[in-house]
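Quick look at final-v9.json (JSON, N, CA and C atoms):
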```json
[["chain", "number", "residue", "atom", "x", "y", "z"],
["E", 92, "MET", "N", 0.83, -1.19, 0.00],
["E", 92, "MET", "CA", 0.00, 0.00, 0.00],
["E", 92, "MET", "C", 0.88, 1.25, 0.00],
["E", 93, "VAL", "N", 0.54, 2.19, -0.85],
["E", 93, "VAL", "CA", 1.27, 3.45, -0.94],
["E", 93, "VAL", "C", 0.56, 4.48, -0.07],
["E", 94, "TYR", "N", 1.31, 5.09, 0.79],
["E", 94, "TYR", "CA", 0.79, 6.15, 1.65],
["E", 94, "TYR", "C", 0.53, 7.39, 0.80],
["E", 95, "SER", "N", -0.63, 7.99, 0.93],
["E", 95, "SER", "CA", -0.95, 9.19, 0.17],
["E", 95, "SER", "C", -0.32, 10.41, 0.82],
["E", 96, "GLN", "N", 0.39, 11.17, 0.01],
["E", 96, "GLN", "CA", 1.00, 12.41, 0.47],
["E", 96, "GLN", "C", 0.08, 13.61, 0.26],
["E", 97, "ARG", "N", -1.11, 13.37, -0.27],
["E", 97, "ARG", "CA", -2.03, 14.49, -0.55],
["E", 97, "ARG", "C", -2.31, 15.36, 0.67],
["E", 98, "PRO", "N", -2.57, 14.78, 1.85],
["E", 98, "PRO", "CA", -2.81, 15.65, 3.02],
["E", 98, "PRO", "C", -1.59, 16.52, 3.36],
["E", 99, "LEU", "N", -0.41, 15.97, 3.22],
["E", 99, "LEU", "CA", 0.82, 16.70, 3.49],
["E", 99, "LEU", "C", 0.97, 17.87, 2.50],
["E", 100, "VAL", "N", 0.80, 17.58, 1.23],
["E", 100, "VAL", "CA", 0.92, 18.61, 0.18],
["E", 100, "VAL", "C", -0.13, 19.70, 0.40],
["E", 101, "ARG", "N", -1.35, 19.29, 0.69],
["E", 101, "ARG", "CA", -2.43, 20.27, 0.90],
["E", 101, "ARG", "C", -2.12, 21.19, 2.07],
["E", 102, "LEU", "N", -1.64, 20.64, 3.18],
["E", 102, "LEU", "CA", -1.32, 21.47, 4.34],
["E", 102, "LEU", "C", -0.20, 22.47, 4.03],
["E", 103, "ILE", "N", 0.82, 22.04, 3.32],
["E", 103, "ILE", "CA", 1.91, 22.97, 2.97],
["E", 103, "ILE", "C", 1.38, 24.05, 2.04],
["E", 104, "GLN", "N", 0.56, 23.68, 1.06],
["E", 104, "GLN", "CA", -0.03, 24.67, 0.16],
["E", 104, "GLN", "C", -0.86, 25.71, 0.92],
["E", 105, "GLU", "N", -1.49, 25.27, 1.99],
["E", 105, "GLU", "CA", -2.32, 26.17, 2.79],
["E", 105, "GLU", "C", -1.50, 27.00, 3.78],
["E", 106, "GLY", "N", -0.19, 26.82, 3.79],
["E", 106, "GLY", "CA", 0.67, 27.59, 4.68],
["E", 106, "GLY", "C", 0.84, 26.99, 6.06],
["E", 107, "GLN", "N", 0.54, 25.71, 6.20],
["E", 107, "GLN", "CA", 0.63, 25.03, 7.49],
["E", 107, "GLN", "C", 1.96, 24.28, 7.62],
["E", 108, "LEU", "N", 3.06, 25.02, 7.53],
["E", 108, "LEU", "CA", 4.39, 24.44, 7.67],
["E", 108, "LEU", "C", 5.10, 25.15, 8.81],
["E", 109, "THR", "N", 5.41, 24.40, 9.84],
["E", 109, "THR", "CA", 6.07, 24.96, 11.02],
["E", 109, "THR", "C", 7.36, 25.66, 10.61],
["E", 110, "GLY", "N", 7.55, 26.89, 11.09],
["E", 110, "GLY", "CA", 8.74, 27.66, 10.79],
["E", 110, "GLY", "C", 8.63, 28.56, 9.58],
["E", 111, "GLU", "N", 7.53, 28.47, 8.85],
["E", 111, "GLU", "CA", 7.31, 29.31, 7.67],
["E", 111, "GLU", "C", 6.01, 30.07, 7.83],
["E", 112, "SER", "N", 5.95, 31.25, 7.22],
["E", 112, "SER", "CA", 4.70, 32.00, 7.24],
["E", 112, "SER", "C", 4.25, 32.23, 5.80],
["E", 113, "GLY", "N", 2.97, 32.29, 5.61],
["E", 113, "GLY", "CA", 2.42, 32.51, 4.29],
["E", 113, "GLY", "C", 2.30, 31.23, 3.49],
["E", 114, "LYS", "N", 1.68, 31.36, 2.34],
["E", 114, "LYS", "CA", 1.48, 30.23, 1.44],
["E", 114, "LYS", "C", 2.57, 30.25, 0.36],
["E", 115, "PRO", "N", 3.14, 29.09, 0.08],
["E", 115, "PRO", "CA", 4.22, 29.03, -0.92],
["E", 115, "PRO", "C", 3.68, 28.90, -2.33],
["E", 116, "ASP", "N", 4.53, 29.18, -3.30],
["E", 116, "ASP", "CA", 4.25, 28.77, -4.67],
["E", 116, "ASP", "C", 4.55, 27.27, -4.72],
["E", 117, "HIS", "N", 3.79, 26.55, -5.53],
["E", 117, "HIS", "CA", 3.94, 25.09, -5.61],
["E", 117, "HIS", "C", 4.25, 24.71, -7.05],
["E", 118, "VAL", "N", 5.32, 23.93, -7.21],
["E", 118, "VAL", "CA", 5.70, 23.40, -8.52],
["E", 118, "VAL", "C", 5.73, 21.89, -8.39],
["E", 119, "GLU", "N", 5.02, 21.21, -9.28],
["E", 119, "GLU", "CA", 5.02, 19.75, -9.27],
["E", 119, "GLU", "C", 5.88, 19.24, -10.40],
["E", 120, "THR", "N", 6.85, 18.39, -10.07],
["E", 120, "THR", "CA", 7.70, 17.77, -11.08],
["E", 120, "THR", "C", 7.33, 16.30, -11.18],
["E", 121, "VAL", "N", 8.04, 15.56, -12.00],
["E", 121, "VAL", "CA", 7.76, 14.14, -12.17],
["E", 121, "VAL", "C", 7.96, 13.39, -10.86],
["E", 122, "ILE", "N", 9.00, 13.74, -10.10],
["E", 122, "ILE", "CA", 9.31, 12.97, -8.90],
["E", 122, "ILE", "C", 9.07, 13.71, -7.59],
["E", 123, "SER", "N", 8.70, 14.98, -7.65],
["E", 123, "SER", "CA", 8.61, 15.71, -6.38],
["E", 123, "SER", "C", 7.60, 16.85, -6.42],
["E", 124, "ASN", "N", 7.26, 17.32, -5.24],
["E", 124, "ASN", "CA", 6.52, 18.55, -5.05],
["E", 124, "ASN", "C", 7.51, 19.55, -4.47],
["E", 125, "VAL", "N", 7.60, 20.72, -5.09],
["E", 125, "VAL", "CA", 8.54, 21.75, -4.67],
["E", 125, "VAL", "C", 7.73, 22.94, -4.18],
["E", 126, "PHE", "N", 8.09, 23.44, -3.01],
["E", 126, "PHE", "CA", 7.38, 24.56, -2.39],
["E", 126, "PHE", "C", 8.35, 25.71, -2.23],
["E", 127, "LEU", "N", 8.01, 26.86, -2.84],
["E", 127, "LEU", "CA", 8.88, 28.02, -2.84],
["E", 127, "LEU", "C", 8.35, 29.09, -1.90],
["E", 128, "PHE", "N", 9.08, 29.32, -0.83],
["E", 128, "PHE", "CA", 8.79, 30.40, 0.09],
["E", 128, "PHE", "C", 9.71, 31.57, -0.25],
["E", 129, "SER", "N", 9.63, 32.67, 0.46],
["E", 129, "SER", "CA", 10.41, 33.86, 0.11],
["E", 129, "SER", "C", 11.91, 33.62, 0.15],
["E", 130, "ASP", "N", 12.41, 32.84, 1.09],
["E", 130, "ASP", "CA", 13.86, 32.63, 1.16],
["E", 130, "ASP", "C", 14.28, 31.17, 1.27],
["E", 131, "LYS", "N", 13.33, 30.25, 1.16],
["E", 131, "LYS", "CA", 13.66, 28.82, 1.21],
["E", 131, "LYS", "C", 12.80, 28.06, 0.22],
["E", 132, "VAL", "N", 13.34, 26.93, -0.19],
["E", 132, "VAL", "CA", 12.61, 26.02, -1.08],
["E", 132, "VAL", "C", 12.66, 24.64, -0.45],
["E", 133, "TYR", "N", 11.52, 23.94, -0.46],
["E", 133, "TYR", "CA", 11.43, 22.59, 0.08],
["E", 133, "TYR", "C", 11.01, 21.65, -1.04],
["E", 134, "LYS", "N", 11.66, 20.51, -1.10],
["E", 134, "LYS", "CA", 11.38, 19.49, -2.13],
["E", 134, "LYS", "C", 10.96, 18.22, -1.42],
["E", 135, "ILE", "N", 9.78, 17.72, -1.75],
["E", 135, "ILE", "CA", 9.29, 16.49, -1.15],
["E", 135, "ILE", "C", 9.09, 15.46, -2.27],
["E", 136, "TYR", "N", 9.81, 14.36, -2.15],
["E", 136, "TYR", "CA", 9.73, 13.31, -3.17],
["E", 136, "TYR", "C", 8.37, 12.61, -3.09],
["E", 137, "LYS", "N", 7.79, 12.36, -4.25],
["E", 137, "LYS", "CA", 6.49, 11.69, -4.32],
["E", 137, "LYS", "C", 6.61, 10.19, -4.05],
["E", 138, "SER", "N", 5.60, 9.66, -3.41],
["E", 138, "SER", "CA", 5.53, 8.20, -3.25],
["E", 138, "SER", "C", 4.56, 7.59, -4.25],
["E", 139, "ASP", "N", 3.71, 8.41, -4.84],
["E", 139, "ASP", "CA", 2.58, 7.89, -5.61],
["E", 139, "ASP", "C", 2.60, 8.27, -7.09],
["E", 140, "ASN", "N", 3.77, 8.37, -7.70],
["E", 140, "ASN", "CA", 3.85, 8.68, -9.12],
["E", 140, "ASN", "C", 3.97, 7.38, -9.90],
["E", 141, "ASP", "N", 2.85, 6.88, -10.38],
["E", 141, "ASP", "CA", 2.83, 5.60, -11.09],
["E", 141, "ASP", "C", 3.74, 5.60, -12.31],
["E", 142, "PHE", "N", 3.75, 6.70, -13.07],
["E", 142, "PHE", "CA", 4.57, 6.78, -14.27],
["E", 142, "PHE", "C", 6.05, 6.59, -13.94],
["E", 143, "PHE", "N", 6.54, 7.33, -12.96],
["E", 143, "PHE", "CA", 7.96, 7.23, -12.57],
["E", 143, "PHE", "C", 8.25, 5.86, -11.97],
["E", 144, "ASN", "N", 7.38, 5.41, -11.08],
["E", 144, "ASN", "CA", 7.59, 4.13, -10.40],
["E", 144, "ASN", "C", 7.58, 2.96, -11.38],
["E", 145, "ARG", "N", 6.75, 3.04, -12.40],
["E", 145, "ARG", "CA", 6.63, 1.95, -13.37],
["E", 145, "ARG", "C", 7.77, 1.96, -14.39],
["E", 146, "ASN", "N", 8.21, 3.15, -14.81],
["E", 146, "ASN", "CA", 9.15, 3.25, -15.93],
["E", 146, "ASN", "C", 10.60, 3.57, -15.56],
["E", 147, "PHE", "N", 10.84, 4.05, -14.38],
["E", 147, "PHE", "CA", 12.20, 4.46, -14.05],
["E", 147, "PHE", "C", 12.72, 3.78, -12.78],
["E", 148, "ASN", "N", 12.20, 4.19, -11.65],
["E", 148, "ASN", "CA", 12.69, 3.66, -10.37],
["E", 148, "ASN", "C", 11.51, 3.64, -9.40],
["E", 149, "ASP", "N", 11.11, 2.48, -8.97],
["E", 149, "ASP", "CA", 9.95, 2.37, -8.08],
["E", 149, "ASP", "C", 10.34, 2.83, -6.68],
["E", 150, "ILE", "N", 9.89, 4.03, -6.32],
["E", 150, "ILE", "CA", 10.18, 4.58, -4.98],
["E", 150, "ILE", "C", 8.89, 4.68, -4.16],
["E", 151, "SER", "N", 7.94, 3.83, -4.46],
["E", 151, "SER", "CA", 6.68, 3.86, -3.71],
["E", 151, "SER", "C", 6.85, 3.35, -2.29],
["E", 152, "ALA", "N", 7.76, 2.42, -2.06],
["E", 152, "ALA", "CA", 8.00, 1.91, -0.71],
["E", 152, "ALA", "C", 8.91, 2.88, 0.05],
["E", 153, "LYS", "N", 8.62, 3.08, 1.31],
["E", 153, "LYS", "CA", 9.34, 4.05, 2.13],
["E", 153, "LYS", "C", 10.86, 3.83, 2.10],
["E", 154, "ALA", "N", 11.31, 2.62, 2.30],
["E", 154, "ALA", "CA", 12.76, 2.34, 2.35],
["E", 154, "ALA", "C", 13.43, 2.67, 1.02],
["E", 155, "ARG", "N", 12.80, 2.31, -0.09],
["E", 155, "ARG", "CA", 13.37, 2.60, -1.41],
["E", 155, "ARG", "C", 13.36, 4.09, -1.69],
["E", 156, "ARG", "N", 12.30, 4.78, -1.27],
["E", 156, "ARG", "CA", 12.22, 6.22, -1.47],
["E", 156, "ARG", "C", 13.30, 6.92, -0.66],
["E", 157, "PHE", "N", 13.53, 6.48, 0.57],
["E", 157, "PHE", "CA", 14.57, 7.09, 1.40],
["E", 157, "PHE", "C", 15.95, 6.85, 0.80],
["E", 158, "ASP", "N", 16.21, 5.64, 0.29],
["E", 158, "ASP", "CA", 17.49, 5.36, -0.37],
["E", 158, "ASP", "C", 17.68, 6.27, -1.58],
["E", 159, "PHE", "N", 16.65, 6.37, -2.41],
["E", 159, "PHE", "CA", 16.70, 7.22, -3.61],
["E", 159, "PHE", "C", 16.87, 8.68, -3.22],
["E", 160, "THR", "N", 16.11, 9.13, -2.24],
["E", 160, "THR", "CA", 16.17, 10.52, -1.78],
["E", 160, "THR", "C", 17.56, 10.85, -1.27],
["E", 161, "THR", "N", 18.13, 9.97, -0.47],
["E", 161, "THR", "CA", 19.46, 10.21, 0.09],
["E", 161, "THR", "C", 20.52, 10.30, -1.02],
["E", 162, "ALA", "N", 20.48, 9.38, -1.96],
["E", 162, "ALA", "CA", 21.45, 9.40, -3.06],
["E", 162, "ALA", "C", 21.26, 10.64, -3.93],
["E", 163, "ASP", "N", 20.01, 10.99, -4.25],
["E", 163, "ASP", "CA", 19.73, 12.16, -5.08],
["E", 163, "ASP", "C", 20.17, 13.44, -4.37],
["E", 164, "PHE", "N", 19.88, 13.54, -3.07],
["E", 164, "PHE", "CA", 20.29, 14.72, -2.31],
["E", 164, "PHE", "C", 21.81, 14.85, -2.31],
["E", 165, "GLU", "N", 22.52, 13.76, -2.04],
["E", 165, "GLU", "CA", 23.99, 13.82, -1.99],
["E", 165, "GLU", "C", 24.57, 14.28, -3.32],
["E", 166, "TRP", "N", 24.03, 13.78, -4.41],
["E", 166, "TRP", "CA", 24.50, 14.18, -5.74],
["E", 166, "TRP", "C", 24.23, 15.66, -5.96],
["E", 167, "ASN", "N", 23.00, 16.10, -5.67],
["E", 167, "ASN", "CA", 22.65, 17.52, -5.85],
["E", 167, "ASN", "C", 23.45, 18.41, -4.90],
["E", 168, "HIS", "N", 23.68, 17.96, -3.68],
["E", 168, "HIS", "CA", 24.44, 18.73, -2.70],
["E", 168, "HIS", "C", 25.88, 18.95, -3.18],
["E", 169, "GLN", "N", 26.47, 17.94, -3.78],
["E", 169, "GLN", "CA", 27.83, 18.08, -4.29],
["E", 169, "GLN", "C", 27.90, 19.11, -5.41],
["E", 170, "LEU", "N", 26.85, 19.21, -6.20],
["E", 170, "LEU", "CA", 26.82, 20.16, -7.32],
["E", 170, "LEU", "C", 26.37, 21.56, -6.90],
["E", 171, "SER", "N", 25.51, 21.65, -5.89],
["E", 171, "SER", "CA", 24.93, 22.94, -5.48],
["E", 171, "SER", "C", 24.78, 23.00, -3.96],
["E", 172, "GLN", "N", 25.90, 23.10, -3.27],
["E", 172, "GLN", "CA", 25.86, 23.07, -1.81],
["E", 172, "GLN", "C", 25.09, 24.23, -1.21],
["E", 173, "GLU", "N", 25.06, 25.37, -1.90],
["E", 173, "GLU", "CA", 24.32, 26.52, -1.38],
["E", 173, "GLU", "C", 22.81, 26.37, -1.56],
["E", 174, "VAL", "N", 22.39, 25.47, -2.42],
["E", 174, "VAL", "CA", 20.96, 25.24, -2.65],
["E", 174, "VAL", "C", 20.48, 24.04, -1.84],
["E", 175, "TYR", "N", 21.15, 22.93, -1.97],
["E", 175, "TYR", "CA", 20.79, 21.70, -1.25],
["E", 175, "TYR", "C", 21.56, 21.68, 0.06],
["E", 176, "THR", "N", 20.96, 22.21, 1.12],
["E", 176, "THR", "CA", 21.67, 22.42, 2.38],
["E", 176, "THR", "C", 21.41, 21.35, 3.42],
["E", 177, "ALA", "N", 20.26, 20.71, 3.39],
["E", 177, "ALA", "CA", 19.95, 19.72, 4.42],
["E", 177, "ALA", "C", 18.91, 18.73, 3.91],
["E", 178, "LEU", "N", 19.05, 17.51, 4.36],
["E", 178, "LEU", "CA", 18.06, 16.46, 4.06],
["E", 178, "LEU", "C", 17.34, 16.14, 5.35],
["E", 179, "ARG", "N", 16.04, 16.35, 5.34],
["E", 179, "ARG", "CA", 15.25, 16.11, 6.54],
["E", 179, "ARG", "C", 13.97, 15.38, 6.16],
["E", 180, "GLY", "N", 13.33, 14.80, 7.13],
["E", 180, "GLY", "CA", 12.03, 14.17, 6.93],
["E", 180, "GLY", "C", 10.94, 15.18, 7.20],
["E", 181, "VAL", "N", 9.74, 14.87, 6.77],
["E", 181, "VAL", "CA", 8.58, 15.73, 7.03],
["E", 181, "VAL", "C", 7.42, 14.86, 7.44],
["E", 182, "ARG", "N", 6.62, 15.36, 8.36],
["E", 182, "ARG", "CA", 5.43, 14.62, 8.80],
["E", 182, "ARG", "C", 4.39, 15.58, 9.31],
["E", 183, "ILE", "N", 3.18, 15.09, 9.44],
["E", 183, "ILE", "CA", 2.08, 15.89, 9.96],
["E", 183, "ILE", "C", 2.04, 15.70, 11.47],
["E", 184, "ILE", "N", 2.10, 16.82, 12.19],
["E", 184, "ILE", "CA", 2.03, 16.83, 13.64],
["E", 184, "ILE", "C", 1.01, 17.89, 14.04],
["E", 185, "GLU", "N", -0.06, 17.46, 14.68],
["E", 185, "GLU", "CA", -1.12, 18.37, 15.15],
["E", 185, "GLU", "C", -1.62, 19.29, 14.03],
["E", 186, "LYS", "N", -1.99, 18.71, 12.90],
["E", 186, "LYS", "CA", -2.59, 19.39, 11.76],
["E", 186, "LYS", "C", -1.67, 20.44, 11.11],
["E", 187, "ARG", "N", -0.35, 20.29, 11.32],
["E", 187, "ARG", "CA", 0.65, 21.13, 10.66],
["E", 187, "ARG", "C", 1.76, 20.21, 10.17],
["E", 188, "CYS", "N", 2.45, 20.65, 9.14],
["E", 188, "CYS", "CA", 3.60, 19.90, 8.66],
["E", 188, "CYS", "C", 4.83, 20.39, 9.40],
["E", 189, "ALA", "N", 5.67, 19.46, 9.75],
["E", 189, "ALA", "CA", 6.91, 19.79, 10.46],
["E", 189, "ALA", "C", 8.04, 18.93, 9.92],
["E", 190, "PHE", "N", 9.19, 19.54, 9.84],
["E", 190, "PHE", "CA", 10.37, 18.80, 9.41],
["E", 190, "PHE", "C", 11.01, 18.15, 10.63],
["E", 191, "VAL", "N", 11.46, 16.92, 10.45],
["E", 191, "VAL", "CA", 12.06, 16.16, 11.54],
["E", 191, "VAL", "C", 13.45, 15.71, 11.09],
["E", 192, "ASP", "N", 14.36, 15.61, 12.05],
["E", 192, "ASP", "CA", 15.72, 15.20, 11.72],
["E", 192, "ASP", "C", 15.81, 13.72, 11.37],
["E", 193, "ALA", "N", 15.11, 12.92, 12.09],
["E", 193, "ALA", "CA", 15.19, 11.47, 11.87],
["E", 193, "ALA", "C", 14.30, 11.06, 10.71],
["E", 194, "LEU", "N", 14.91, 10.60, 9.63],
["E", 194, "LEU", "CA", 14.13, 10.20, 8.45],
["E", 194, "LEU", "C", 13.19, 9.05, 8.76],
["E", 195, "GLU", "N", 13.57, 8.22, 9.72],
["E", 195, "GLU", "CA", 12.73, 7.07, 10.04],
["E", 195, "GLU", "C", 11.38, 7.51, 10.60],
["E", 196, "GLU", "N", 11.31, 8.73, 11.15],
["E", 196, "GLU", "CA", 10.06, 9.24, 11.71],
["E", 196, "GLU", "C", 9.20, 9.97, 10.68],
["E", 197, "ALA", "N", 9.72, 10.13, 9.47],
["E", 197, "ALA", "CA", 8.99, 10.89, 8.45],
["E", 197, "ALA", "C", 7.85, 10.07, 7.88]]
```
Encoded form using structure tokens:
Amino acid sequence: MVYSQRPLVRLIQEGQLTGESGKPDHVETVISNVFLFSDKVYKIYKSDNDFFNRNFNDISAKARRFDFTTADFEWNHQLSQEVYTALRGVRIIEKRCAFVDALEEA
């Protein structure tokens, strides 16, 4: 079973992200949802993209998504350290989205 990220995406779109104020611009890519705030950008990898999972790399399972996310972040961080600054997990806590340090808790 694939966990739906729709509630998480909806909350961030509505401005319910701990540590941020206002509603972000939202850009959806093939593998991620990107949220642009005034001075920060957050990228959340999708779990439910059938096209990507079927044709490229199945990251629907949490462990595979975390492996893919970690490798992709490290590659991007090496190329753009000023842009890709930290890899963190995200979860819904008390009807708000919050970033957590431990990926296992995401």
For range 184-192 of chain E, take all atoms listed in the file, fit an axis-aligned box around them, add 8 Å to each of the six sides, then output centre and edge lengths in Å rounded to one decimal, as lines of an AutoDock Vina configuration file.
```
center_x = 6.6
center_y = 17.4
center_z = 11.9
size_x = 34.4
size_y = 23.4
size_z = 22.5
```
What does the structure give for the distance between atom C of Ser171 in chain E and atom C of Phe157 in chain E, in Å to one decimal?
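If I compute the distance from atom C of Ser171 in chain E to atom C of Phe157 in chain E, I get 19.0 Å.
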Which residue of E:Cys188, E:Arg179, E:Lys137, E:Ser151 approaches Thr120 in chain E most closely, using only N, CA and C atoms
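That would be E:Lys137, the residue with the smallest distance to Thr120 in chain E.
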Quick one: residues within 9 Å of Glu105 in chain E, only C-alpha atoms, excluding same-chain residues fewer than 4 positions away - as number ranges by chain?
E: 100-101, 113-115
Mind giving me the straight-line distance from atom N of Asn140 in chain E to CA of Ile122 in chain E in Å, one decimal?
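That distance, rounded to one decimal, is 7.3 Å.
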If you run DSSP over the backbone, which residues in chain E end up strand (DSSP E or B)? Put them as an MDAnalysis selection string.
chainID E and resid 108 116:119 123:127 132:136 180:184 187:191
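The list of residues within 8 Å of (6.8, 34.3, -0.3), counted using only N, CA and C atoms, is Ser112, Gly113, Lys114, Pro115, Asp116, Leu127, Phe128, Ser129, Asp130 and Lys131 of chain E.
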The distance between atom C of Leu108 in chain E and atom N of Phe159 in chain E is 24.7 Å
Identify the residues within 6.5 Å of coordinate (13.1, 19.9, -4.8) (same frame as the file), considering all atoms listed in the file, and give the answer as number ranges by chain.
E: 123-126, 132-135
Please give the complete set of residues from chain E that DSSP, run on the backbone, assigns to helix (DSSP H, G or I), formatted as a PyMOL selection string.
chain E and resi 97-104+141-146+153-170+194-196
Which of these, E:Lys186, E:Ser95, E:Gln107, E:Leu178, has the shortest distance to Thr160 in chain E once you count all atoms listed in the file?
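Smallest distance to Thr160 in chain E is found for E:Leu178.
Candidate residues E:Asn148, E:Thr176, E:Ile183, E:Asp192 were compared for distance to Ile103 in chain E, and the nearest is E:Ile183, using only C-alpha atoms.
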